[in-house]
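> The following block contains the structure, expressed as structure tokens.
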Amino acid sequence: ISVLLVWLSPWKPRLRFDAAAWRALLRKSKPVIGMRLLDIVNLRLDALLIGARLGATALGLYSTGQRIYQIVLEVLFSAVNQVSLPIFSRFSNQPGRSADILLRLVSCTSLLTFPAFALMSATAIDMTTVVFGEKWRASGPVLSVFAIGGILFSVSYFNAPLLMASGRAKQVFWLGVLNAVGNIIGFLIAVPFGAVAVAAAFVIRGFLVYPVNLFMLREACGIPIPRYARALWPAAASSGLAAFAAWTCGSELAHWPSVARLLCALGVGVAVYALSIVSLFRTEAYSAVTEVLGMVKAARAPGLSKNLETRE
């Protein structure tokens with residue numbers, strides 16, 4: 001099929017180099033290339049330092065706790081990433097619309113990701129024991145710390161697509177530089193104290209840098225910060241109650257086997273979360289979910305811009 005397509009296509013590749021086009025492409029792509037390089041630093045430096053300073057055992061415990069966190073992130077955002085940039089790109093010249101869409105996305109997403117990471121943090125030790133076995137139980141605290149960071153990072157996933165769609169790739173690059181520098185400093189300070197401290201340094205850096213994210217969002221689309229906080233409040237409050245209930249349940253059932261204790265704690269946590277959302281924030285949750293489902297449906301259909309404008 002590939003040979004047939006090449007044969008039928010009117011355009012054929014040639015050994016011709018367009019220097020002007022290459023320079024224009026490089027100018028536009030330099031921030032993106034820089035961000036990808038910084039991602040490598042942010043994703044690998046912690047493991048490199050732990051392996052070099054603390055040894056293979058500590059690195060194994062750290063990597064095991066980190067793996068569950070990364071898997072959950074990938075599962076939760078594999079579909080979201082496919083629609084967020086196209087949606088923001090359609091309204092790159094309408095900051096007010098972009099701000100409204102971002103608020104809808106974080107409000108809806110937090111209803112799923114906040115309880116997922118909160119319950120993961122509350123049951124991390126049993127979760128790693130059940131998934132990987134008793135010998136990896138010590139990696140539970142690492143997962144617990146990463147899950148706390150996942151609560152924040154789950155909503156910050158939308159920031160870069162919005163900034164990129166607004167033509168602020170350089171700002172995203174410098175934000176990546178700030179994250180990388182923060183990680184380097186934090187890891188170097190934390191690594192003598194163990195793998196859990198390194199994970200905590202990563203999470204603390206995220207919370208310290210996030211106000212810069214919010215400032216950039218306000219500059220890009222004029223998003224009101226109090227309104228942003230209100231959009232996250234239902235999920236944050238309900239997830240806090242759910243995590244406390246799950247942790248209390250696990251503590252009370254300390255003599256139970258790990259699998260039974262984990263299932264019971266998760267069941268109690270999910271029930272408390274659902275009860276809290278339904279009884280306290282039902283209107284907000286229903287509105288956020290229905291609006292985002294409509295945007296996702298519009299993004300997958302022809303005439304995305306027209307469909308979204310109709311919803312506005």
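Order determines the names: the first chain of the structure tokens is A, the second B, and so forth; residues in each chain are numbered 1 upward, and ligands are numbered 1 upward as they are shown.
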Report as a PyMOL selection string all protein, DNA and RNA residues lying within 10 Å of Ala58 of chain A, evaluated on only C-alpha atoms, omitting residues in the same chain fewer than 2 positions from it.
chain A and resi 47+50-51+53-56+60-64+138-139+194-196
> Which residues are near Arg218 of chain A? Cut-off 12 Å, only C-alpha atoms, ignore same chain within fewer than 5 positions. Put them as a count of residues only.
19
> What are the closest atom pairs, with distances in Å to one decimal, for all residues of segment 36-102 of chain A lying within 9 Å of segment 172-188 of chain A? Consider only C-alpha atoms, order rows by chain and residue number, and present the result as CSV.

```
residue,atom,partner,partner_atom,distance
A:Leu38,CA,A:Gly176,CA,6.4
A:Asp39,CA,A:Gly176,CA,7.7
A:Val41,CA,A:Ala180,CA,6.7
A:Asn42,CA,A:Ala180,CA,5.7
A:Leu45,CA,A:Ile184,CA,7.6
A:Asp46,CA,A:Phe187,CA,6.4
A:Leu49,CA,A:Phe187,CA,7.6
A:Ile50,CA,A:Phe187,CA,8.9
```
> Using N, CA and C atoms, can you write the selected residues to a file as a short mmCIF file (atom, residue, chain, number, x, y, z; two decimals), in the first residue's frame?

```
data_model
loop_
_atom_site.label_atom_id
_atom_site.label_comp_id
_atom_site.auth_asym_id
_atom_site.auth_seq_id
_atom_site.Cartn_x
_atom_site.Cartn_y
_atom_site.Cartn_z
N LEU A 38 14.22 19.37 28.59
CA LEU A 38 14.00 19.61 30.01
C LEU A 38 13.16 18.50 30.64
N ASP A 39 12.23 17.95 29.86
CA ASP A 39 11.42 16.83 30.36
C ASP A 39 12.30 15.65 30.74
N VAL A 41 15.38 15.80 31.80
CA VAL A 41 16.03 16.14 33.07
C VAL A 41 15.05 15.94 34.22
N ASN A 42 13.83 16.46 34.06
CA ASN A 42 12.85 16.37 35.14
C ASN A 42 12.43 14.94 35.45
N LEU A 45 16.46 12.78 36.43
CA LEU A 45 17.49 13.22 37.36
C LEU A 45 17.33 12.60 38.74
N ASP A 46 16.10 12.51 39.22
CA ASP A 46 15.88 11.95 40.55
C ASP A 46 16.38 10.51 40.65
N LEU A 49 20.26 10.42 40.69
CA LEU A 49 20.86 10.79 41.97
C LEU A 49 20.64 9.71 43.03
N ILE A 50 19.44 9.14 43.05
CA ILE A 50 19.17 8.09 44.04
C ILE A 50 20.05 6.87 43.79
#
```
> Tell me which of A:Val72, A:Ala245, A:Leu15, A:Ala235 sits closest to Ala288 of chain A, counting only C-alpha atoms.
A:Ala235
> Find the residue from A:Tyr273, A:Ala246, A:Ser89, A:Leu37 that sits nearest to Ile101 of chain A; use only C-alpha atoms when measuring.
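Smallest separation from Ile101 of chain A among the options: A:Ser89.
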> When DSSP is applied to the backbone of this structure, which of segment 89-217 of chain A are assigned alpha helix (DSSP H)? Write them out as an mmCIF file with N, CA and C atoms, in the first residue's frame.

```cif
data_model
loop_
_atom_site.group_PDB
_atom_site.id
_atom_site.type_symbol
_atom_site.label_atom_id
_atom_site.label_comp_id
_atom_site.auth_asym_id
_atom_site.auth_seq_id
_atom_site.Cartn_x
_atom_site.Cartn_y
_atom_site.Cartn_z
ATOM 1 N N SER A 89 -6.682 25.789 20.766
ATOM 2 C CA SER A 89 -6.182 26.412 19.536
ATOM 3 C C SER A 89 -7.304 27.122 18.782
ATOM 4 N N ARG A 90 -8.498 26.576 18.839
ATOM 5 C CA ARG A 90 -9.616 27.196 18.137
ATOM 6 C C ARG A 90 -9.966 28.568 18.698
ATOM 7 N N PRO A 95 -9.349 35.167 24.469
ATOM 8 C CA PRO A 95 -8.898 34.781 25.806
ATOM 9 C C PRO A 95 -10.033 34.446 26.766
ATOM 10 N N GLY A 96 -11.128 35.185 26.685
ATOM 11 C CA GLY A 96 -12.240 34.919 27.587
ATOM 12 C C GLY A 96 -12.813 33.534 27.409
ATOM 13 N N ARG A 97 -12.949 33.104 26.154
ATOM 14 C CA ARG A 97 -13.451 31.755 25.881
ATOM 15 C C ARG A 97 -12.465 30.708 26.387
ATOM 16 N N SER A 98 -11.167 30.944 26.163
ATOM 17 C CA SER A 98 -10.149 29.996 26.618
ATOM 18 C C SER A 98 -10.199 29.834 28.133
ATOM 19 N N ALA A 99 -10.366 30.944 28.848
ATOM 20 C CA ALA A 99 -10.444 30.886 30.310
ATOM 21 C C ALA A 99 -11.658 30.085 30.760
ATOM 22 N N ASP A 100 -12.783 30.317 30.102
ATOM 23 C CA ASP A 100 -13.998 29.601 30.467
ATOM 24 C C ASP A 100 -13.854 28.104 30.209
ATOM 25 N N ILE A 101 -13.256 27.747 29.081
ATOM 26 C CA ILE A 101 -13.051 26.335 28.750
ATOM 27 C C ILE A 101 -12.097 25.681 29.750
ATOM 28 N N LEU A 102 -11.025 26.394 30.108
ATOM 29 C CA LEU A 102 -10.077 25.846 31.084
ATOM 30 C C LEU A 102 -10.769 25.580 32.416
ATOM 31 N N LEU A 103 -11.595 26.510 32.859
ATOM 32 C CA LEU A 103 -12.303 26.315 34.120
ATOM 33 C C LEU A 103 -13.217 25.100 34.060
ATOM 34 N N ARG A 104 -13.876 24.910 32.943
ATOM 35 C CA ARG A 104 -14.737 23.736 32.802
ATOM 36 C C ARG A 104 -13.923 22.446 32.844
ATOM 37 N N LEU A 105 -12.783 22.457 32.150
ATOM 38 C CA LEU A 105 -11.959 21.253 32.086
ATOM 39 C C LEU A 105 -11.397 20.875 33.453
ATOM 40 N N VAL A 106 -10.833 21.854 34.169
ATOM 41 C CA VAL A 106 -10.248 21.520 35.466
ATOM 42 C C VAL A 106 -11.330 21.141 36.473
ATOM 43 N N SER A 107 -12.488 21.769 36.367
ATOM 44 C CA SER A 107 -13.580 21.427 37.277
ATOM 45 C C SER A 107 -14.030 19.985 37.072
ATOM 46 N N CYS A 108 -14.194 19.584 35.821
ATOM 47 C CA CYS A 108 -14.632 18.221 35.526
ATOM 48 C C CYS A 108 -13.530 17.214 35.826
ATOM 49 N N THR A 109 -12.314 17.512 35.395
ATOM 50 C CA THR A 109 -11.210 16.581 35.592
ATOM 51 C C THR A 109 -10.941 16.332 37.063
ATOM 52 N N SER A 110 -11.004 17.382 37.863
ATOM 53 C CA SER A 110 -10.723 17.231 39.290
ATOM 54 C C SER A 110 -11.710 16.295 39.976
ATOM 55 N N LEU A 111 -12.933 16.207 39.458
ATOM 56 C CA LEU A 111 -13.912 15.295 40.047
ATOM 57 C C LEU A 111 -13.470 13.843 39.952
ATOM 58 N N LEU A 112 -12.629 13.528 38.980
ATOM 59 C CA LEU A 112 -12.109 12.169 38.821
ATOM 60 C C LEU A 112 -10.712 12.013 39.401
ATOM 61 N N THR A 113 -9.834 12.965 39.113
ATOM 62 C CA THR A 113 -8.431 12.787 39.494
ATOM 63 C C THR A 113 -8.170 13.070 40.974
ATOM 64 N N PHE A 114 -8.845 14.051 41.556
ATOM 65 C CA PHE A 114 -8.595 14.358 42.963
ATOM 66 C C PHE A 114 -8.897 13.163 43.867
ATOM 67 N N PRO A 115 -10.070 12.549 43.757
ATOM 68 C CA PRO A 115 -10.316 11.385 44.620
ATOM 69 C C PRO A 115 -9.403 10.208 44.294
ATOM 70 N N ALA A 116 -9.055 10.038 43.013
ATOM 71 C CA ALA A 116 -8.173 8.926 42.646
ATOM 72 C C ALA A 116 -6.826 9.059 43.344
ATOM 73 N N PHE A 117 -6.234 10.238 43.292
ATOM 74 C CA PHE A 117 -4.920 10.419 43.915
ATOM 75 C C PHE A 117 -5.019 10.524 45.433
ATOM 76 N N ALA A 118 -6.088 11.104 45.942
ATOM 77 C CA ALA A 118 -6.250 11.204 47.394
ATOM 78 C C ALA A 118 -6.376 9.811 48.012
ATOM 79 N N LEU A 119 -7.185 8.950 47.401
ATOM 80 C CA LEU A 119 -7.340 7.585 47.909
ATOM 81 C C LEU A 119 -6.061 6.780 47.700
ATOM 82 N N MET A 120 -5.353 7.047 46.615
ATOM 83 C CA MET A 120 -4.072 6.380 46.393
ATOM 84 C C MET A 120 -3.085 6.739 47.490
ATOM 85 N N SER A 121 -3.037 8.006 47.870
ATOM 86 C CA SER A 121 -2.130 8.423 48.921
ATOM 87 C C SER A 121 -2.500 7.794 50.263
ATOM 88 N N ALA A 122 -3.799 7.714 50.540
ATOM 89 C CA ALA A 122 -4.253 7.177 51.823
ATOM 90 C C ALA A 122 -4.024 5.670 51.950
ATOM 91 N N ALA A 124 -1.602 3.888 50.041
ATOM 92 C CA ALA A 124 -0.432 3.605 49.209
ATOM 93 C C ALA A 124 0.343 2.370 49.660
ATOM 94 N N ILE A 125 0.512 2.196 50.960
ATOM 95 C CA ILE A 125 1.312 1.062 51.450
ATOM 96 C C ILE A 125 0.645 -0.258 51.091
ATOM 97 N N ASP A 126 -0.642 -0.365 51.341
ATOM 98 C CA ASP A 126 -1.351 -1.595 50.973
ATOM 99 C C ASP A 126 -1.409 -1.769 49.461
ATOM 100 N N MET A 127 -1.520 -0.659 48.722
ATOM 101 C CA MET A 127 -1.615 -0.745 47.269
ATOM 102 C C MET A 127 -0.325 -1.315 46.671
ATOM 103 N N THR A 128 0.812 -0.818 47.104
ATOM 104 C CA THR A 128 2.073 -1.344 46.573
ATOM 105 C C THR A 128 2.294 -2.785 46.999
ATOM 106 N N THR A 129 1.860 -3.128 48.203
ATOM 107 C CA THR A 129 1.999 -4.512 48.671
ATOM 108 C C THR A 129 1.167 -5.460 47.834
ATOM 109 N N VAL A 130 -0.065 -5.059 47.527
ATOM 110 C CA VAL A 130 -0.954 -5.924 46.742
ATOM 111 C C VAL A 130 -0.485 -6.027 45.294
ATOM 112 N N VAL A 131 -0.038 -4.914 44.722
ATOM 113 C CA VAL A 131 0.331 -4.908 43.308
ATOM 114 C C VAL A 131 1.679 -5.571 43.067
ATOM 115 N N PHE A 132 2.669 -5.271 43.911
ATOM 116 C CA PHE A 132 4.037 -5.728 43.651
ATOM 117 C C PHE A 132 4.542 -6.799 44.614
ATOM 118 N N GLY A 140 5.690 2.054 49.548
ATOM 119 C CA GLY A 140 4.392 2.687 49.751
ATOM 120 C C GLY A 140 4.472 4.160 50.099
ATOM 121 N N PRO A 141 5.339 4.578 51.040
ATOM 122 C CA PRO A 141 5.444 6.013 51.339
ATOM 123 C C PRO A 141 5.847 6.858 50.135
ATOM 124 N N VAL A 142 6.671 6.306 49.240
ATOM 125 C CA VAL A 142 7.044 7.041 48.030
ATOM 126 C C VAL A 142 5.804 7.288 47.179
ATOM 127 N N LEU A 143 5.005 6.249 46.986
ATOM 128 C CA LEU A 143 3.766 6.395 46.215
ATOM 129 C C LEU A 143 2.827 7.381 46.888
ATOM 130 N N SER A 144 2.740 7.337 48.212
ATOM 131 C CA SER A 144 1.842 8.239 48.933
ATOM 132 C C SER A 144 2.201 9.698 48.679
ATOM 133 N N VAL A 145 3.502 10.000 48.689
ATOM 134 C CA VAL A 145 3.951 11.375 48.443
ATOM 135 C C VAL A 145 3.679 11.781 47.001
ATOM 136 N N PHE A 146 4.000 10.909 46.050
ATOM 137 C CA PHE A 146 3.752 11.223 44.643
ATOM 138 C C PHE A 146 2.263 11.457 44.390
ATOM 139 N N ALA A 147 1.411 10.687 45.052
ATOM 140 C CA ALA A 147 -0.029 10.831 44.845
ATOM 141 C C ALA A 147 -0.522 12.193 45.314
ATOM 142 N N ILE A 148 0.076 12.716 46.379
ATOM 143 C CA ILE A 148 -0.282 14.075 46.816
ATOM 144 C C ILE A 148 0.047 15.077 45.713
ATOM 145 N N GLY A 149 1.215 14.905 45.106
ATOM 146 C CA GLY A 149 1.557 15.769 43.983
ATOM 147 C C GLY A 149 0.641 15.570 42.793
ATOM 148 N N GLY A 150 0.163 14.341 42.594
ATOM 149 C CA GLY A 150 -0.734 14.064 41.478
ATOM 150 C C GLY A 150 -2.020 14.860 41.540
ATOM 151 N N ILE A 151 -2.462 15.205 42.742
ATOM 152 C CA ILE A 151 -3.660 16.030 42.885
ATOM 153 C C ILE A 151 -3.468 17.367 42.185
ATOM 154 N N LEU A 152 -2.295 17.962 42.383
ATOM 155 C CA LEU A 152 -1.999 19.244 41.721
ATOM 156 C C LEU A 152 -1.686 19.056 40.248
ATOM 157 N N PHE A 153 -0.820 18.094 39.932
ATOM 158 C CA PHE A 153 -0.368 17.928 38.550
ATOM 159 C C PHE A 153 -1.511 17.524 37.626
ATOM 160 N N SER A 154 -2.556 16.910 38.170
ATOM 161 C CA SER A 154 -3.658 16.471 37.321
ATOM 162 C C SER A 154 -4.412 17.633 36.701
ATOM 163 N N VAL A 155 -4.426 18.782 37.361
ATOM 164 C CA VAL A 155 -5.094 19.945 36.765
ATOM 165 C C VAL A 155 -4.111 20.843 36.027
ATOM 166 N N SER A 156 -2.824 20.760 36.368
ATOM 167 C CA SER A 156 -1.840 21.581 35.656
ATOM 168 C C SER A 156 -1.553 21.051 34.257
ATOM 169 N N ASN A 159 -2.429 23.496 31.473
ATOM 170 C CA ASN A 159 -1.801 24.816 31.377
ATOM 171 C C ASN A 159 -0.938 24.955 30.133
ATOM 172 N N ALA A 160 -0.065 23.974 29.897
ATOM 173 C CA ALA A 160 0.834 24.059 28.741
ATOM 174 C C ALA A 160 0.071 24.108 27.415
ATOM 175 N N PRO A 161 -0.959 23.252 27.192
ATOM 176 C CA PRO A 161 -1.710 23.380 25.936
ATOM 177 C C PRO A 161 -2.339 24.750 25.737
ATOM 178 N N LEU A 162 -2.863 25.337 26.808
ATOM 179 C CA LEU A 162 -3.471 26.660 26.657
ATOM 180 C C LEU A 162 -2.404 27.702 26.320
ATOM 181 N N LEU A 163 -1.264 27.654 27.009
ATOM 182 C CA LEU A 163 -0.212 28.629 26.745
ATOM 183 C C LEU A 163 0.367 28.443 25.346
ATOM 184 N N MET A 164 0.537 27.184 24.924
ATOM 185 C CA MET A 164 1.050 26.927 23.581
ATOM 186 C C MET A 164 0.070 27.436 22.531
ATOM 187 N N ALA A 165 -1.213 27.189 22.755
ATOM 188 C CA ALA A 165 -2.220 27.645 21.797
ATOM 189 C C ALA A 165 -2.297 29.159 21.742
ATOM 190 N N ALA A 169 4.903 29.806 23.627
ATOM 191 C CA ALA A 169 5.798 28.657 23.757
ATOM 192 C C ALA A 169 7.048 29.008 24.554
ATOM 193 N N LYS A 170 7.558 30.231 24.403
ATOM 194 C CA LYS A 170 8.758 30.622 25.141
ATOM 195 C C LYS A 170 8.488 30.667 26.643
ATOM 196 N N GLN A 171 7.291 31.107 27.020
ATOM 197 C CA GLN A 171 6.958 31.111 28.438
ATOM 198 C C GLN A 171 6.908 29.688 28.992
ATOM 199 N N VAL A 172 6.351 28.766 28.202
ATOM 200 C CA VAL A 172 6.303 27.373 28.635
ATOM 201 C C VAL A 172 7.717 26.819 28.789
ATOM 202 N N PHE A 173 8.606 27.214 27.864
ATOM 203 C CA PHE A 173 9.998 26.759 27.957
ATOM 204 C C PHE A 173 10.650 27.266 29.237
ATOM 205 N N TRP A 174 10.492 28.560 29.539
ATOM 206 C CA TRP A 174 11.112 29.108 30.741
ATOM 207 C C TRP A 174 10.476 28.559 32.007
ATOM 208 N N LEU A 175 9.209 28.218 31.918
ATOM 209 C CA LEU A 175 8.585 27.536 33.049
ATOM 210 C C LEU A 175 9.222 26.163 33.258
ATOM 211 N N GLY A 176 9.530 25.475 32.147
ATOM 212 C CA GLY A 176 10.234 24.209 32.246
ATOM 213 C C GLY A 176 11.621 24.365 32.846
ATOM 214 N N VAL A 177 12.299 25.462 32.493
ATOM 215 C CA VAL A 177 13.614 25.744 33.081
ATOM 216 C C VAL A 177 13.476 25.934 34.590
ATOM 217 N N LEU A 178 12.460 26.692 35.001
ATOM 218 C CA LEU A 178 12.231 26.917 36.428
ATOM 219 C C LEU A 178 11.961 25.596 37.154
ATOM 220 N N ASN A 179 11.156 24.740 36.541
ATOM 221 C CA ASN A 179 10.879 23.431 37.138
ATOM 222 C C ASN A 179 12.149 22.596 37.257
ATOM 223 N N ALA A 180 12.964 22.605 36.194
ATOM 224 C CA ALA A 180 14.192 21.814 36.204
ATOM 225 C C ALA A 180 15.163 22.307 37.274
ATOM 226 N N VAL A 181 15.335 23.630 37.374
ATOM 227 C CA VAL A 181 16.227 24.191 38.394
ATOM 228 C C VAL A 181 15.709 23.864 39.793
ATOM 229 N N GLY A 182 14.399 24.001 39.980
ATOM 230 C CA GLY A 182 13.809 23.648 41.274
ATOM 231 C C GLY A 182 14.014 22.186 41.624
ATOM 232 N N ASN A 183 13.857 21.317 40.625
ATOM 233 C CA ASN A 183 14.074 19.892 40.866
ATOM 234 C C ASN A 183 15.527 19.604 41.240
ATOM 235 N N ILE A 184 16.458 20.200 40.505
ATOM 236 C CA ILE A 184 17.884 19.961 40.786
ATOM 237 C C ILE A 184 18.223 20.370 42.211
ATOM 238 N N ILE A 185 17.801 21.575 42.598
ATOM 239 C CA ILE A 185 18.094 22.055 43.952
ATOM 240 C C ILE A 185 17.425 21.161 44.994
ATOM 241 N N GLY A 186 16.143 20.865 44.773
ATOM 242 C CA GLY A 186 15.409 20.040 45.729
ATOM 243 C C GLY A 186 15.977 18.639 45.862
ATOM 244 N N PHE A 187 16.332 18.020 44.730
ATOM 245 C CA PHE A 187 16.872 16.659 44.774
ATOM 246 C C PHE A 187 18.218 16.623 45.492
ATOM 247 N N LEU A 188 19.075 17.603 45.204
ATOM 248 C CA LEU A 188 20.393 17.626 45.843
ATOM 249 C C LEU A 188 20.271 17.803 47.357
ATOM 250 N N ILE A 189 19.289 18.599 47.794
ATOM 251 C CA ILE A 189 19.074 18.773 49.231
ATOM 252 C C ILE A 189 18.470 17.514 49.856
ATOM 253 N N ALA A 190 17.560 16.865 49.132
ATOM 254 C CA ALA A 190 16.778 15.772 49.725
ATOM 255 C C ALA A 190 17.448 14.412 49.656
ATOM 256 N N ALA A 195 14.792 8.131 49.704
ATOM 257 C CA ALA A 195 13.941 8.176 48.515
ATOM 258 C C ALA A 195 12.648 8.939 48.757
ATOM 259 N N VAL A 196 12.068 8.794 49.946
ATOM 260 C CA VAL A 196 10.819 9.502 50.240
ATOM 261 C C VAL A 196 11.053 11.009 50.229
ATOM 262 N N ALA A 197 12.194 11.440 50.735
ATOM 263 C CA ALA A 197 12.515 12.871 50.741
ATOM 264 C C ALA A 197 12.680 13.407 49.325
ATOM 265 N N VAL A 198 13.247 12.609 48.425
ATOM 266 C CA VAL A 198 13.390 13.032 47.030
ATOM 267 C C VAL A 198 12.008 13.201 46.389
ATOM 268 N N ALA A 199 11.115 12.244 46.641
ATOM 269 C CA ALA A 199 9.753 12.368 46.123
ATOM 270 C C ALA A 199 9.068 13.609 46.685
ATOM 271 N N ALA A 200 9.296 13.875 47.982
ATOM 272 C CA ALA A 200 8.701 15.066 48.604
ATOM 273 C C ALA A 200 9.253 16.340 47.979
ATOM 274 N N ALA A 201 10.546 16.343 47.649
ATOM 275 C CA ALA A 201 11.142 17.521 47.005
ATOM 276 C C ALA A 201 10.492 17.786 45.659
ATOM 277 N N PHE A 202 10.223 16.728 44.900
ATOM 278 C CA PHE A 202 9.567 16.866 43.605
ATOM 279 C C PHE A 202 8.173 17.474 43.766
ATOM 280 N N VAL A 203 7.434 16.995 44.749
ATOM 281 C CA VAL A 203 6.069 17.470 44.955
ATOM 282 C C VAL A 203 6.060 18.902 45.478
ATOM 283 N N ILE A 204 6.932 19.197 46.440
ATOM 284 C CA ILE A 204 6.994 20.552 47.003
ATOM 285 C C ILE A 204 7.358 21.564 45.922
ATOM 286 N N ARG A 205 8.309 21.199 45.057
ATOM 287 C CA ARG A 205 8.657 22.081 43.941
ATOM 288 C C ARG A 205 7.431 22.388 43.093
ATOM 289 N N GLY A 206 6.608 21.376 42.841
ATOM 290 C CA GLY A 206 5.414 21.601 42.040
ATOM 291 C C GLY A 206 4.469 22.609 42.675
ATOM 292 N N PHE A 207 4.264 22.512 43.980
ATOM 293 C CA PHE A 207 3.371 23.444 44.664
ATOM 294 C C PHE A 207 3.978 24.847 44.722
ATOM 295 N N LEU A 208 5.293 24.940 44.883
ATOM 296 C CA LEU A 208 5.935 26.255 44.949
ATOM 297 C C LEU A 208 5.909 26.980 43.603
ATOM 298 N N VAL A 209 6.029 26.217 42.523
ATOM 299 C CA VAL A 209 6.079 26.812 41.187
ATOM 300 C C VAL A 209 4.681 27.086 40.642
ATOM 301 N N TYR A 210 3.662 26.440 41.187
ATOM 302 C CA TYR A 210 2.333 26.562 40.578
ATOM 303 C C TYR A 210 1.790 27.985 40.558
ATOM 304 N N PRO A 211 2.077 28.833 41.541
ATOM 305 C CA PRO A 211 1.637 30.230 41.407
ATOM 306 C C PRO A 211 2.163 30.905 40.145
ATOM 307 N N VAL A 212 3.355 30.518 39.688
ATOM 308 C CA VAL A 212 3.870 31.067 38.428
ATOM 309 C C VAL A 212 2.990 30.596 37.272
ATOM 310 N N ASN A 213 2.555 29.326 37.309
ATOM 311 C CA ASN A 213 1.609 28.821 36.314
ATOM 312 C C ASN A 213 0.358 29.684 36.280
ATOM 313 N N LEU A 214 -0.192 29.956 37.450
ATOM 314 C CA LEU A 214 -1.427 30.725 37.518
ATOM 315 C C LEU A 214 -1.229 32.145 37.005
ATOM 316 N N PHE A 215 -0.073 32.742 37.308
ATOM 317 C CA PHE A 215 0.215 34.080 36.795
ATOM 318 C C PHE A 215 0.257 34.075 35.270
ATOM 319 N N MET A 216 0.907 33.057 34.683
ATOM 320 C CA MET A 216 0.978 32.960 33.222
ATOM 321 C C MET A 216 -0.409 32.754 32.620
ATOM 322 N N LEU A 217 -1.241 31.947 33.279
ATOM 323 C CA LEU A 217 -2.603 31.741 32.783
ATOM 324 C C LEU A 217 -3.399 33.041 32.818
#
```
> Quote the spacing between atom CA of Ala231 of chain A and atom CA of Val278 of chain A in Å to one decimal place.
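Between atom CA of Ala231 of chain A and atom CA of Val278 of chain A the gap is 16.2 Å.
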> Rank A:Phe158, A:Leu59, A:Ser238, A:Val259 by their smallest atom-to-atom distance to Glu134 of chain A, using only C-alpha atoms, and report the top residue only.
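Once distances to Glu134 of chain A are computed over only C-alpha atoms, the minimum belongs to A:Val259.
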